[in-house]
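J.: After the structure tokens below, expect a handful of questions from me.
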Amino acid sequence: MKHIAVIDIGKTNAKLALVAADGLREVAVVTRPNTVRPGPPYPHFDLEGHWDFFLTHLAAFHAEHGVDAISVTTHGASAVLLDAAGGLAVPMLDYEHTGPDDLSTKYDALRPGFEATGSARLPMGLNLGAQLHWLLQTQPALRDRLAHVLTYPGYWGWRLTGRMSSDLCSLGCHTDLWEPRMARFSALVETLGLTGKMAPALRPGDVLGTLRPEVAAATGLRPDTPVSVGIHDSNASLYPYVLGRTAPFAVVSTGTWVVSMAVGAAPQTLDPARDVLVNVNALGQPVPSARFMGGREFEVIRAGRDIAPTGADRQAVREGTILLLPAVEPGSGPYQGRQHRWTAEPPTEGARMVALSHYLALMTDTCLSLIGARGSVIIEGPFARNPDYLAMLAALRPEGVEVAQSATGTSAGAALLCLSRADPPATRAVPLPEKADALRGLAARWHELK
């Protein structure tokens, strides 16, 4: 096997990546915006547009390089509902739609407790169970049409192979539908009347099947091309380390969401009010996790500006104790319900970027502490290229910070599902910054004022 094509759908963009089996490097990448359509009947995703995009570029990748297998990774908090004929029973709901909040009181009376599911109660449709409850209550005759519920990676597996599945990682991603420690569906499935309608729960690395004849014909791929079950994107970043590294350690997957996952964590009482939860890794094991919308917060504060900070900018932030206090995105994360503010107005746009990076590192460090993270912290994704974020985090984590050598962990982790080997991923250590004491002083001040 030389090349694995990875369908990689984040909240902001949909991507098809061709990953080389040797080194898990991306040979080719194409993207399209994951635009939310406004409705009717409600905000939803363009599944058919994605499908046409994937087929077109699968054909191009295969013609130029060859495609030997296909894997899938997607954002969480999502499912696709199908009718008996395999068509959409309803459009796929955007989890940021506020509709489910209208029925929150009724839903809260139905959902199992945190001790069973490890799912914190989240707003909008961030609990998949809340989405399903709202859809069943508000969409006419949906209960009569609904035949199958698939997690989002499973939907693309269905389109590719004709076989249905729900990957364990997506089920374990604050859905209220899964009990991580018992490895079974929660009582909510029966409560919602979905017994027998949830697609089978499978491990992400299982081979779901081979290509439908019409998919093979449209792309030129071999009909016997294997397709993996697929995986939730944050767990795709975690997967190579679960296979190739000895605990304890933590992985921070950065993107629209910044998700911290602690393997071999210290015993800790998890507080669901702080957006702490229990994820399920690709081996089906529970993993304490915490998250916040760091990528979204970064874009809000930078407001389209692309400024490279200078040494003078960094000095101005340290000496002026310029701090951004939580929370830029108040609907999620460890400081929900708070409104962000500056301790002082940054004197330059470069200083603003430095203070923003420090804020994101302090939020990450808070999340790691909440889940009892031990050992080195490995940063995956775009924040691994932010020197001010890394400097602050390295100053605060005495057991070390490392960055992944790959530009993104999700595609490589998903590709690894199709391979039998498990070489430890290449990382590099982040050196302790020269001004570590000054950064720790800023952090202490941040915690006093937050």
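Following the order of the structure tokens, chains are lettered A, B, ..., residues in each are numbered from 1, and ligands are numbered from 1.
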Write down as a ChimeraX atom specification the residues belonging to segment 157-344 of chain A that are assigned alpha helix (DSSP H) by DSSP computed on the backbone.

T.: /A:157-161,168-171,187-191,213-219,233-244,294-302,311-320

J.: What lies within 6 Å of Glu179 of chain A using only C-alpha atoms, ignoring chain neighbours under 3 positions off, as a PyMOL selection string?

T.: chain A and resi 116-117+182-184+186

J.: Which residue is closest to Asp22 of chain A? Choose from A:Val258, A:Leu126, A:Met1, A:Ala395 and count only C-alpha atoms.

T.: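 Result for the nearest residue to Asp22 of chain A: A:Met1.
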
J.: Residues near Thr151 of chain A, anyone? I mean within 6 Å using only C-alpha atoms, not counting same-chain ones fewer than 3 positions away, as a PyMOL selection string.

T.: chain A and resi 79+154+166

J.: Would you save the residues from that selection as a PDB file, in the first residue's frame, using C-alpha atoms?

T.:
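Result file is part-v9.pdb:
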ATOM      1  CA  ALA A  79     -24.916  12.479  12.518  1.00  0.00           C
ATOM      2  CA  GLY A 154     -20.066   6.437   8.933  1.00  0.00           C
ATOM      3  CA  SER A 166     -21.015   4.389  13.733  1.00  0.00           C
TER       4      SER A 166
END

J.: Mind listing the strand (DSSP E) residues of segment 213-291 of chain A, per DSSP on the backbone, as a list in words?

T.: Pro226, Val227, Ser228, Ile231, His232, Phe249, Ala250, Val251, Val252, Ser253, Val258, Val259, Ser260, Met261, Ala262, Val263, Val276, Leu277, Val278, Asn279, Val280, Pro286, Val287, Pro288, Ser289, Ala290 and Arg291 of chain A

J.: Would you put the residues from that selection into a file with C-alpha atoms, as a CSV table (one decimal), in the first residue's frame?

T.:
chain,number,residue,atom,x,y,z
A,226,PRO,CA,-10.7,-1.0,1.2
A,227,VAL,CA,-12.5,1.7,3.2
A,228,SER,CA,-12.0,2.1,6.9
A,231,ILE,CA,-12.8,8.4,13.1
A,232,HIS,CA,-13.6,11.7,14.9
A,249,PHE,CA,1.3,12.1,27.8
A,250,ALA,CA,-1.2,14.5,26.4
A,251,VAL,CA,-2.1,15.5,22.9
A,252,VAL,CA,-3.6,18.9,22.0
A,253,SER,CA,-5.5,18.9,18.7
A,258,VAL,CA,-8.7,23.0,20.6
A,259,VAL,CA,-9.1,19.6,22.3
A,260,SER,CA,-6.8,18.4,25.0
A,261,MET,CA,-6.7,14.7,25.6
A,262,ALA,CA,-4.8,13.1,28.5
A,263,VAL,CA,-3.5,9.5,28.2
A,276,VAL,CA,-14.6,18.6,30.4
A,277,LEU,CA,-15.7,15.3,29.1
A,278,VAL,CA,-14.6,11.7,28.4
A,279,ASN,CA,-13.7,10.9,24.8
A,280,VAL,CA,-13.2,7.5,23.4
A,286,PRO,CA,-12.0,6.3,27.6
A,287,VAL,CA,-9.8,9.4,27.6
A,288,PRO,CA,-10.3,12.5,29.8
A,289,SER,CA,-10.6,15.5,27.6
A,290,ALA,CA,-11.3,19.2,27.7
A,291,ARG,CA,-11.8,21.7,24.9

J.: Neighbours of Asn281 of chain A within 8 Å (only C-alpha atoms; same-chain residues fewer than 2 positions away dropped), as an NGL selection string?

T.: :A and (168-169 or 235 or 238-239 or 279 or 283-287)

J.: Please produce a file of the residues just selected, as a PDB file, in the first residue's frame, where the atoms kept are N, CA and C atoms.

T.:
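Full text of out_17.pdb as output:
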ATOM      1  N   LEU A 168     -16.735   4.390  17.112  1.00  0.00           N
ATOM      2  CA  LEU A 168     -16.743   4.552  18.563  1.00  0.00           C
ATOM      3  C   LEU A 168     -16.309   5.947  18.999  1.00  0.00           C
ATOM      4  N   CYS A 169     -15.364   6.548  18.256  1.00  0.00           N
ATOM      5  CA  CYS A 169     -14.862   7.861  18.669  1.00  0.00           C
ATOM      6  C   CYS A 169     -15.932   8.936  18.537  1.00  0.00           C
ATOM      7  N   ASN A 235      -9.649  12.604  17.677  1.00  0.00           N
ATOM      8  CA  ASN A 235      -9.107  11.275  17.964  1.00  0.00           C
ATOM      9  C   ASN A 235      -8.188  10.780  16.861  1.00  0.00           C
ATOM     10  N   LEU A 238      -4.940  11.995  17.913  1.00  0.00           N
ATOM     11  CA  LEU A 238      -4.448  11.223  19.054  1.00  0.00           C
ATOM     12  C   LEU A 238      -3.957   9.829  18.656  1.00  0.00           C
ATOM     13  N   TYR A 239      -4.554   9.241  17.648  1.00  0.00           N
ATOM     14  CA  TYR A 239      -4.356   7.821  17.335  1.00  0.00           C
ATOM     15  C   TYR A 239      -2.893   7.408  17.154  1.00  0.00           C
ATOM     16  N   ASN A 279     -13.691  11.404  26.221  1.00  0.00           N
ATOM     17  CA  ASN A 279     -13.677  10.942  24.838  1.00  0.00           C
ATOM     18  C   ASN A 279     -13.425   9.436  24.798  1.00  0.00           C
ATOM     19  N   LEU A 283      -9.078   2.805  20.061  1.00  0.00           N
ATOM     20  CA  LEU A 283      -9.069   1.447  20.603  1.00  0.00           C
ATOM     21  C   LEU A 283     -10.280   1.185  21.496  1.00  0.00           C
ATOM     22  N   GLY A 284     -11.163   2.184  21.611  1.00  0.00           N
ATOM     23  CA  GLY A 284     -12.361   2.043  22.432  1.00  0.00           C
ATOM     24  C   GLY A 284     -12.155   2.398  23.891  1.00  0.00           C
ATOM     25  N   GLN A 285     -11.018   3.024  24.222  1.00  0.00           N
ATOM     26  CA  GLN A 285     -10.688   3.333  25.614  1.00  0.00           C
ATOM     27  C   GLN A 285     -11.115   4.752  25.979  1.00  0.00           C
ATOM     28  N   PRO A 286     -11.627   4.961  27.198  1.00  0.00           N
ATOM     29  CA  PRO A 286     -11.995   6.317  27.623  1.00  0.00           C
ATOM     30  C   PRO A 286     -10.766   7.185  27.849  1.00  0.00           C
ATOM     31  N   VAL A 287     -10.865   8.462  27.446  1.00  0.00           N
ATOM     32  CA  VAL A 287      -9.762   9.420  27.562  1.00  0.00           C
ATOM     33  C   VAL A 287     -10.303  10.739  28.109  1.00  0.00           C
TER      34      VAL A 287
END

J.: Choose the residue, out of A:His3, A:Pro387, A:Val242, A:Val67, that has the smallest atom-to-atom separation from Asp224 of chain A; count only C-alpha atoms.

T.: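 Of the candidates, the smallest distance to Asp224 of chain A is held by A:Val67.
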
J.: Fewer than 6 positions away in the same chain doesn't count, so skip those; otherwise give me all residues within 8 Å of Gly255 of chain A, counting only C-alpha atoms, as a PyMOL selection string.

T.: chain A and resi 294-295+381-383

J.: How many Å lie between atom CA of Gly10 of chain A and atom CA of Thr31 of chain A, rounded to one decimal?

T.: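 Pair atom CA of Gly10 of chain A / atom CA of Thr31 of chain A returns 10.5 Å.
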
J.: By how many Å are atom CA of Trp342 of chain A and atom CA of Leu324 of chain A apart?

T.: 4.7 Å

J.: Report as JSON lines the residues of segment 19-103 of chain A within 7 Å of segment 396-416 of chain A, each with its shortest atom pair and distance in Å (one decimal), using only C-alpha atoms, ordered by chain and increasing residue number.

T.:
{"residue": "A:Val19", "atom": "CA", "partner": "A:Ala415", "partner_atom": "CA", "distance": 6.6}
{"residue": "A:Leu24", "atom": "CA", "partner": "A:Ala412", "partner_atom": "CA", "distance": 5.4}
{"residue": "A:Ser71", "atom": "CA", "partner": "A:Ala414", "partner_atom": "CA", "distance": 5.9}
{"residue": "A:Val72", "atom": "CA", "partner": "A:Ala414", "partner_atom": "CA", "distance": 6.3}
{"residue": "A:Thr73", "atom": "CA", "partner": "A:Ala414", "partner_atom": "CA", "distance": 6.1}

J.: Print the selection's residues with N, CA and C atoms to a file, as a short mmCIF file (atom, residue, chain, number, x, y, z; two decimals), in the first residue's frame.

T.:
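The result, stored in again-v7.cif:
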data_model
loop_
_atom_site.label_atom_id
_atom_site.label_comp_id
_atom_site.auth_asym_id
_atom_site.auth_seq_id
_atom_site.Cartn_x
_atom_site.Cartn_y
_atom_site.Cartn_z
N VAL A 19 -2.34 10.73 1.40
CA VAL A 19 -1.28 10.54 2.38
C VAL A 19 -0.42 9.35 1.97
N LEU A 24 3.68 8.97 6.31
CA LEU A 24 2.39 9.63 6.56
C LEU A 24 2.42 11.12 6.18
N SER A 71 -9.78 6.43 3.88
CA SER A 71 -10.16 6.61 5.28
C SER A 71 -10.94 7.91 5.41
N VAL A 72 -11.61 8.06 6.54
CA VAL A 72 -12.49 9.22 6.75
C VAL A 72 -12.29 9.75 8.15
N THR A 73 -12.24 11.08 8.26
CA THR A 73 -12.26 11.73 9.57
C THR A 73 -13.10 12.99 9.47
#

J.: Quick one: pull the distance between atom CA of Ala89 of chain A and atom CA of Thr161 of chain A, Å, one decimal.

T.: 19.4 Å
